[in-house]
Amino acid sequence: MKIEDYALIGDCHSAALVGRDGSIDWLCWPRFDSAACFAALLGKREHGRWRIAPAAAGTCTRRSYRADTLILETEFETTDGAVTVVDFMPARDETCQLVRMVLGRRGHVKMDMEFILRFDYGASVPWVTRLPEGNGIRAIAGPDMAVLRSPLPLHGKDLTTVTQFEVGPGERIAFTLAHGASHGGIPQPSDPERALKATEEHWLKWCERCTVTGEWAPFVKRSLITLKALTYAPTGGLVAAPTTSLPEQLGGVRNWDYRYCWLRDATLTLLAMMNAGYRDEAVAWRDWLVRAIAGAPSQLQIMYGLAGERRLPEMTLPWLPGYEGSKPVRIGNAAASQLQLDVYGEVMDALHQARKHGLPHHLAAWDLQCALLKHLETCWQEPDEGLCEVRGPRRQFTHSKVMCWVAFDRAIKAVETQGRPGPVEHWRRVRDRIHDEVCKRGWKAKRGSFVQHYGSKELDASLLLIPITGFLPASDARVRATIEAIQRELTEDGLVLRYRTRESLDGLPPGEGVFLACSFWLADCLILLGRRDEARALFERLCRLANDVGLLSEEYDPRSGRHLGNFPQAFSHVALVNTAMNLSEEAKPVEQRAEEKAA
């Protein structure tokens, strides 16, 4: 299926992707970055899936989330009748559980249930035994155990568990899947009906805290629910996506593991949560950030694991052919060891915004920030891999230098407006030096725009952040010219590319889709320029790119109309929330961050 044919369910500890055909093809548990029990999305049927669908030819006529929840309802029509498959993960207790419930709506429909469980990304065939009470099976491989309970007899066939049943009007048949450690006891059974009610109440109560109103509130709420689902509850870390290796180009090699937390998401994520009324989540994210980066400033990474893990070794899985032949399939991310100077600015800005918006004081945050600045002063002039994490030679990326300026600027503001102690005059001199260098070396007069890196003629979407971060106002002629150049030269069908991919820059074959978050940034810049009608049209178009249940991927291919990249993508949804607020009468992140009123 297409990437956009999937929907997300989760319990803030784990997540699964449910296809339009009734198949769960990707499941990460007990944590987002753990081994997947189903991996058909990246491989073949035998690598694992769990499908519940009509036995005869049936059509998915509609699917949707139940109100403001993460409970998915998929309706199937056949010549014999109609059924609804309800998928959800109950609010977490001691174990991760996944419930699939079949509801008879009309006629009598024969259904097939096919359960192919493979641990370790489709590599490990488990040993399967029947439960002592006879109502399901237990599957064990190494440290993992999965228990499938069913009110129907289950049968083994070719290393697959199957059953066939018929459902009539008003009938309800539920299957539950639970995960546990193989050395522990069998997870206790749960009542699917009670779990469904509790899960619905949980999400509805959470959504009641949302303060967003107006015409785009439905899009914003669905994005916020998605972001909450991608949050690892025990630590507050926000995973960039629940998947790995969904390609940025079909059949290509730009396939990365996104089941980690990127520091560059910090400020925009914090503003989205605080402005929408979710201060508890904002505090949890801020606290995760401080814990993750604690230690020697020279060891600051661009990303961490959900609990702040630092070792994220990258490897390939040769037994998986990849989504539509996109190889290699990777787990881990070697970019964690890259030097990306922009993250210093993101950390400083995020903690500045947290203080400015009145989040509870964190005892260690300011001392840690001062230490980061002391180290940044020694390395800001170095080349780095930049926002786009190129795997080619390091360069003097303009955006990286802009964010170094942001780091010192936010420290100065903390002294001036919040009474924090620090060598403010020295920081001002460093800040001004960085600003002068960027304006001299990052600006290309002959080209009439800022450029991707010093000495380059290329554009980069990260340059859209120059006015958004407050480095220069949108009214500055150089900024206006850069925005217009990006609009003219770095778009496909009006949507923004990160940069023009080429092997000489990042060591990989060229080609990828437009980057959705960058397209939202363009709308934000248009707002700052006073071109609200254009911004609104672009925003509404981006919202229409979401799939039928409101989810966005990382990238999009305008030519084929396909979603690309890992899915759903937190950064895309954070950008949607912030742009919606920038267009509304509510708090505007673009003004909060740039400290500049939109024209």
# chains A, B, ... in the order shown; residues from 1 in each chain; ligands from 1
call {"tool": "residues_around", "arguments": {"residues": "segment 422-435 of chain A", "least_positions_apart": "6", "cutoff": "6 Å", "atoms": "only C-alpha atoms", "output": "ChimeraX atom specification"}}
result
/A:405,408,412
call {"tool": "write_last_selection", "arguments": {"atoms": "N, CA and C atoms", "output": "PDB file, in the first residue's frame"}}
result
ATOM      1  N   TRP A 405      24.348  32.545  16.247  1.00  0.00           N
ATOM      2  CA  TRP A 405      23.931  33.894  16.651  1.00  0.00           C
ATOM      3  C   TRP A 405      22.730  33.813  17.598  1.00  0.00           C
ATOM      4  N   PHE A 408      23.715  33.013  21.308  1.00  0.00           N
ATOM      5  CA  PHE A 408      24.198  34.140  22.112  1.00  0.00           C
ATOM      6  C   PHE A 408      23.110  35.194  22.302  1.00  0.00           C
ATOM      7  N   ILE A 412      21.741  36.704  25.910  1.00  0.00           N
ATOM      8  CA  ILE A 412      21.716  38.143  26.204  1.00  0.00           C
ATOM      9  C   ILE A 412      20.328  38.575  26.656  1.00  0.00           C
TER      10      ILE A 412
END
call {"tool": "select_by_dssp", "arguments": {"residues": "segment 153-276 of chain A", "states": "strand (DSSP E or B)", "output": "ChimeraX atom specification"}}
result
/A:155-157,160-167,172-181,231-232,237-238,244,257,261-262
call {"tool": "residues_around", "arguments": {"residues": "segment 85-94 of chain A", "least_positions_apart": "6", "cutoff": "7 Å", "atoms": "only C-alpha atoms", "output": "VMD selection string"}}
result
chain A and resid 9 to 11 70 to 75 100 to 103 195 to 196 199
call {"tool": "write_last_selection", "arguments": {"atoms": "all heavy atoms", "output": "short mmCIF file (atom, residue, chain, number, x, y, z; two decimals), in the first residue's frame"}}
result
data_model
loop_
_atom_site.label_atom_id
_atom_site.label_comp_id
_atom_site.auth_asym_id
_atom_site.auth_seq_id
_atom_site.Cartn_x
_atom_site.Cartn_y
_atom_site.Cartn_z
N ILE A 9 -1.97 4.18 15.41
CA ILE A 9 -2.53 3.98 16.75
C ILE A 9 -1.34 3.87 17.71
O ILE A 9 -0.24 3.52 17.30
CB ILE A 9 -3.44 2.73 16.85
CG1 ILE A 9 -2.68 1.46 16.47
CG2 ILE A 9 -4.68 2.90 15.99
CD1 ILE A 9 -3.48 0.18 16.71
N GLY A 10 -1.57 4.19 18.98
CA GLY A 10 -0.47 4.15 19.93
C GLY A 10 -0.95 4.38 21.34
O GLY A 10 -2.12 4.71 21.58
N ASP A 11 -0.03 4.21 22.30
CA ASP A 11 -0.37 4.35 23.72
C ASP A 11 0.66 5.19 24.47
O ASP A 11 0.78 5.12 25.68
CB ASP A 11 -0.51 2.98 24.38
CG ASP A 11 0.80 2.19 24.38
OD1 ASP A 11 1.80 2.69 23.82
OD2 ASP A 11 0.82 1.08 24.92
N LEU A 70 -7.58 8.41 19.43
CA LEU A 70 -6.69 7.64 18.58
C LEU A 70 -7.27 6.24 18.35
O LEU A 70 -6.53 5.27 18.17
CB LEU A 70 -5.29 7.57 19.21
CG LEU A 70 -4.12 7.44 18.22
CD1 LEU A 70 -4.03 8.67 17.32
CD2 LEU A 70 -2.81 7.24 18.95
N ILE A 71 -8.59 6.15 18.39
CA ILE A 71 -9.30 4.90 18.11
C ILE A 71 -9.69 4.91 16.63
O ILE A 71 -10.45 5.77 16.19
CB ILE A 71 -10.55 4.76 19.00
CG1 ILE A 71 -10.14 4.76 20.47
CG2 ILE A 71 -11.32 3.50 18.64
CD1 ILE A 71 -11.32 4.89 21.42
N LEU A 72 -9.16 3.96 15.87
CA LEU A 72 -9.36 3.92 14.43
C LEU A 72 -10.52 3.00 14.08
O LEU A 72 -10.60 1.87 14.58
CB LEU A 72 -8.09 3.44 13.73
CG LEU A 72 -8.14 3.35 12.21
CD1 LEU A 72 -8.19 4.75 11.59
CD2 LEU A 72 -6.94 2.57 11.67
N GLU A 73 -11.41 3.46 13.21
CA GLU A 73 -12.54 2.66 12.74
C GLU A 73 -12.47 2.54 11.22
O GLU A 73 -12.47 3.55 10.52
CB GLU A 73 -13.86 3.29 13.17
CG GLU A 73 -14.02 3.39 14.68
CD GLU A 73 -15.34 3.98 15.12
OE1 GLU A 73 -15.90 4.81 14.37
OE2 GLU A 73 -15.81 3.61 16.20
N THR A 74 -12.40 1.31 10.73
CA THR A 74 -12.32 1.04 9.30
C THR A 74 -13.55 0.25 8.87
O THR A 74 -13.80 -0.83 9.40
CB THR A 74 -11.05 0.25 8.95
OG1 THR A 74 -9.90 0.93 9.47
CG2 THR A 74 -10.90 0.11 7.45
N GLU A 75 -14.30 0.79 7.93
CA GLU A 75 -15.54 0.15 7.49
C GLU A 75 -15.30 -0.60 6.18
O GLU A 75 -14.70 -0.07 5.25
CB GLU A 75 -16.63 1.20 7.30
CG GLU A 75 -17.00 1.93 8.58
CD GLU A 75 -18.06 3.00 8.38
OE1 GLU A 75 -18.55 3.13 7.22
OE2 GLU A 75 -18.39 3.71 9.35
N ARG A 100 -8.05 -5.40 18.60
CA ARG A 100 -8.72 -5.34 17.30
C ARG A 100 -10.12 -5.93 17.49
O ARG A 100 -10.26 -7.09 17.86
CB ARG A 100 -7.93 -6.09 16.24
CG ARG A 100 -6.46 -5.76 16.19
CD ARG A 100 -5.84 -6.10 14.86
NE ARG A 100 -6.31 -5.19 13.82
CZ ARG A 100 -6.04 -5.33 12.51
NH1 ARG A 100 -5.32 -6.37 12.11
NH2 ARG A 100 -6.50 -4.46 11.64
N MET A 101 -11.13 -5.13 17.22
CA MET A 101 -12.51 -5.51 17.47
C MET A 101 -13.30 -5.44 16.17
O MET A 101 -13.24 -4.43 15.45
CB MET A 101 -13.11 -4.56 18.53
CG MET A 101 -14.47 -4.96 19.05
SD MET A 101 -15.02 -3.78 20.32
CE MET A 101 -13.81 -4.09 21.62
N VAL A 102 -14.02 -6.52 15.85
CA VAL A 102 -14.83 -6.57 14.64
C VAL A 102 -16.30 -6.40 15.03
O VAL A 102 -16.83 -7.16 15.84
CB VAL A 102 -14.63 -7.90 13.88
CG1 VAL A 102 -15.44 -7.90 12.59
CG2 VAL A 102 -13.15 -8.14 13.59
N LEU A 103 -16.95 -5.40 14.44
CA LEU A 103 -18.34 -5.10 14.74
C LEU A 103 -19.20 -5.38 13.51
O LEU A 103 -18.96 -4.84 12.43
CB LEU A 103 -18.51 -3.63 15.14
CG LEU A 103 -17.52 -3.04 16.16
CD1 LEU A 103 -17.85 -1.58 16.42
CD2 LEU A 103 -17.59 -3.84 17.45
N ALA A 195 -11.71 -1.66 28.01
CA ALA A 195 -10.52 -0.98 27.51
C ALA A 195 -10.89 0.05 26.45
O ALA A 195 -10.31 1.15 26.41
CB ALA A 195 -9.54 -2.00 26.93
N LEU A 196 -11.86 -0.28 25.60
CA LEU A 196 -12.30 0.65 24.56
C LEU A 196 -12.91 1.90 25.19
O LEU A 196 -12.59 3.04 24.81
CB LEU A 196 -13.32 -0.03 23.65
CG LEU A 196 -13.94 0.85 22.55
CD1 LEU A 196 -12.87 1.39 21.61
CD2 LEU A 196 -15.01 0.06 21.78
N THR A 199 -10.16 3.97 26.91
CA THR A 199 -9.29 4.64 25.95
C THR A 199 -9.99 5.85 25.34
O THR A 199 -9.37 6.92 25.18
CB THR A 199 -8.87 3.66 24.84
OG1 THR A 199 -8.21 2.54 25.43
CG2 THR A 199 -7.95 4.33 23.83
#
call {"tool": "residues_around", "arguments": {"residues": "Cys370 of chain A", "least_positions_apart": "6", "cutoff": "12 Å", "atoms": "only C-alpha atoms", "output": "PyMOL selection string"}}
result
chain A and resi 296-297+344+347-348+351+364+376-377+407-408+410-412+414-415+420-424+427
call {"tool": "closest_residue", "arguments": {"among": "A:Gly322, A:Leu552, A:Ile468, A:Gly561", "to": "Lys597 of chain A", "atoms": "only C-alpha atoms"}}
result
A:Ile468
call {"tool": "residues_around", "arguments": {"residues": "Ala575 of chain A", "least_positions_apart": "6", "cutoff": "12 Å", "atoms": "only C-alpha atoms", "output": "NGL selection string"}}
result
:A and (219-220 or 223-224 or 227 or 265-273 or 515-524 or 539 or 542-543 or 552 or 554 or 569 or 581-582 or 589-590)
call {"tool": "closest_residue", "arguments": {"among": "A:Arg480, A:Arg391, A:Arg259, A:Lys221", "to": "His573 of chain A", "atoms": "only C-alpha atoms"}}
result
A:Lys221
call {"tool": "closest_residue", "arguments": {"among": "A:Ala7, A:Ala336, A:Val451, A:Ala350", "to": "Ala546 of chain A", "atoms": "only C-alpha atoms"}}
result
A:Ala7
call {"tool": "closest_atom_pairs", "arguments": {"of": "segment 28-88 of chain A", "to": "segment 239-256 of chain A", "cutoff": "10 Å", "atoms": "only C-alpha atoms", "output": "JSON lines"}}
result
{"residue": "A:Cys28", "atom": "CA", "partner": "A:Pro242", "partner_atom": "CA", "distance": 7.4}
{"residue": "A:Arg31", "atom": "CA", "partner": "A:Pro242", "partner_atom": "CA", "distance": 9.7}
{"residue": "A:Phe32", "atom": "CA", "partner": "A:Pro242", "partner_atom": "CA", "distance": 6.0}
{"residue": "A:Asp33", "atom": "CA", "partner": "A:Pro242", "partner_atom": "CA", "distance": 7.8}
{"residue": "A:Ala36", "atom": "CA", "partner": "A:Thr243", "partner_atom": "CA", "distance": 9.4}
{"residue": "A:Leu41", "atom": "CA", "partner": "A:Leu246", "partner_atom": "CA", "distance": 8.7}
{"residue": "A:Leu42", "atom": "CA", "partner": "A:Leu246", "partner_atom": "CA", "distance": 7.6}
call {"tool": "atom_distance", "arguments": {"atom1": "atom CA of Cys96 of chain A", "atom2": "atom CA of Val147 of chain A"}}
result
10.7 Å
call {"tool": "atom_distance", "arguments": {"atom1": "atom CA of Thr176 of chain A", "atom2": "atom CA of Val18 of chain A"}}
result
14.9 Å
call {"tool": "atom_distance", "arguments": {"atom1": "atom CA of Glu324 of chain A", "atom2": "atom CA of Gly43 of chain A"}}
result
8.6 Å
call {"tool": "closest_residue", "arguments": {"among": "A:Ile3, A:Ala292, A:Met113, A:Asp25", "to": "Pro54 of chain A", "atoms": "only C-alpha atoms"}}
result
A:Met113
call {"tool": "residues_around", "arguments": {"residues": "Arg194 of chain A", "least_positions_apart": "4", "cutoff": "12 Å", "atoms": "only C-alpha atoms", "output": "list in words"}}
result
Pro90, Ala91, Val99, Ala174, Pro189, Ser190, Ala198, Thr199, Glu200 and Glu201 of chain A
call {"tool": "write_last_selection", "arguments": {"atoms": "N, CA, C and O atoms", "output": "mmCIF file, in the first residue's frame"}}
result
data_model
loop_
_atom_site.group_PDB
_atom_site.id
_atom_site.type_symbol
_atom_site.label_atom_id
_atom_site.label_comp_id
_atom_site.auth_asym_id
_atom_site.auth_seq_id
_atom_site.Cartn_x
_atom_site.Cartn_y
_atom_site.Cartn_z
ATOM 1 N N PRO A 90 -4.909 0.412 24.293
ATOM 2 C CA PRO A 90 -5.446 0.945 25.542
ATOM 3 C C PRO A 90 -4.422 1.785 26.288
ATOM 4 O O PRO A 90 -3.208 1.618 26.111
ATOM 5 N N ALA A 91 -4.931 2.690 27.106
ATOM 6 C CA ALA A 91 -4.055 3.462 27.983
ATOM 7 C C ALA A 91 -3.178 2.492 28.759
ATOM 8 O O ALA A 91 -3.648 1.476 29.279
ATOM 9 N N VAL A 99 -5.662 -3.898 20.692
ATOM 10 C CA VAL A 99 -6.979 -4.525 20.591
ATOM 11 C C VAL A 99 -7.535 -4.315 19.187
ATOM 12 O O VAL A 99 -7.486 -3.203 18.650
ATOM 13 N N ALA A 174 -13.581 -9.659 19.565
ATOM 14 C CA ALA A 174 -12.355 -8.902 19.859
ATOM 15 C C ALA A 174 -11.151 -9.824 19.986
ATOM 16 O O ALA A 174 -11.230 -10.916 20.565
ATOM 17 N N PRO A 189 -5.175 -11.116 31.098
ATOM 18 C CA PRO A 189 -6.152 -10.707 30.082
ATOM 19 C C PRO A 189 -6.866 -9.431 30.496
ATOM 20 O O PRO A 189 -6.983 -9.116 31.682
ATOM 21 N N SER A 190 -7.306 -8.690 29.524
ATOM 22 C CA SER A 190 -8.065 -7.475 29.779
ATOM 23 C C SER A 190 -9.433 -7.593 29.117
ATOM 24 O O SER A 190 -9.638 -8.405 28.209
ATOM 25 N N ALA A 198 -12.435 3.061 28.260
ATOM 26 C CA ALA A 198 -11.410 3.808 28.996
ATOM 27 C C ALA A 198 -10.497 4.577 28.045
ATOM 28 O O ALA A 198 -10.100 5.716 28.342
ATOM 29 N N THR A 199 -10.160 3.971 26.915
ATOM 30 C CA THR A 199 -9.294 4.638 25.947
ATOM 31 C C THR A 199 -9.989 5.849 25.343
ATOM 32 O O THR A 199 -9.375 6.922 25.178
ATOM 33 N N GLU A 200 -11.266 5.715 25.031
ATOM 34 C CA GLU A 200 -12.020 6.850 24.488
ATOM 35 C C GLU A 200 -12.093 7.988 25.496
ATOM 36 O O GLU A 200 -11.864 9.151 25.161
ATOM 37 N N GLU A 201 -12.379 7.649 26.743
ATOM 38 C CA GLU A 201 -12.459 8.676 27.786
ATOM 39 C C GLU A 201 -11.111 9.350 27.989
ATOM 40 O O GLU A 201 -11.037 10.564 28.210
#
call {"tool": "residues_around", "arguments": {"residues": "segment 161-169 of chain A", "least_positions_apart": "2", "cutoff": "8 Å", "atoms": "only C-alpha atoms", "output": "JSON, numbers by chain"}}
result
{"A": [55, 83, 102, 103, 104, 105, 106, 107, 108, 109, 110, 111, 112, 113, 114, 115, 116, 152, 153, 154, 155, 156, 157, 159, 171, 172, 173]}
call {"tool": "select_by_dssp", "arguments": {"residues": "segment 388-597 of chain A", "states": "alpha helix (DSSP H)", "output": "PyMOL selection string"}}
result
chain A and resi 398-418+424-437+465-468+477-489+503-506+516-528+532-544+570-583+589-594
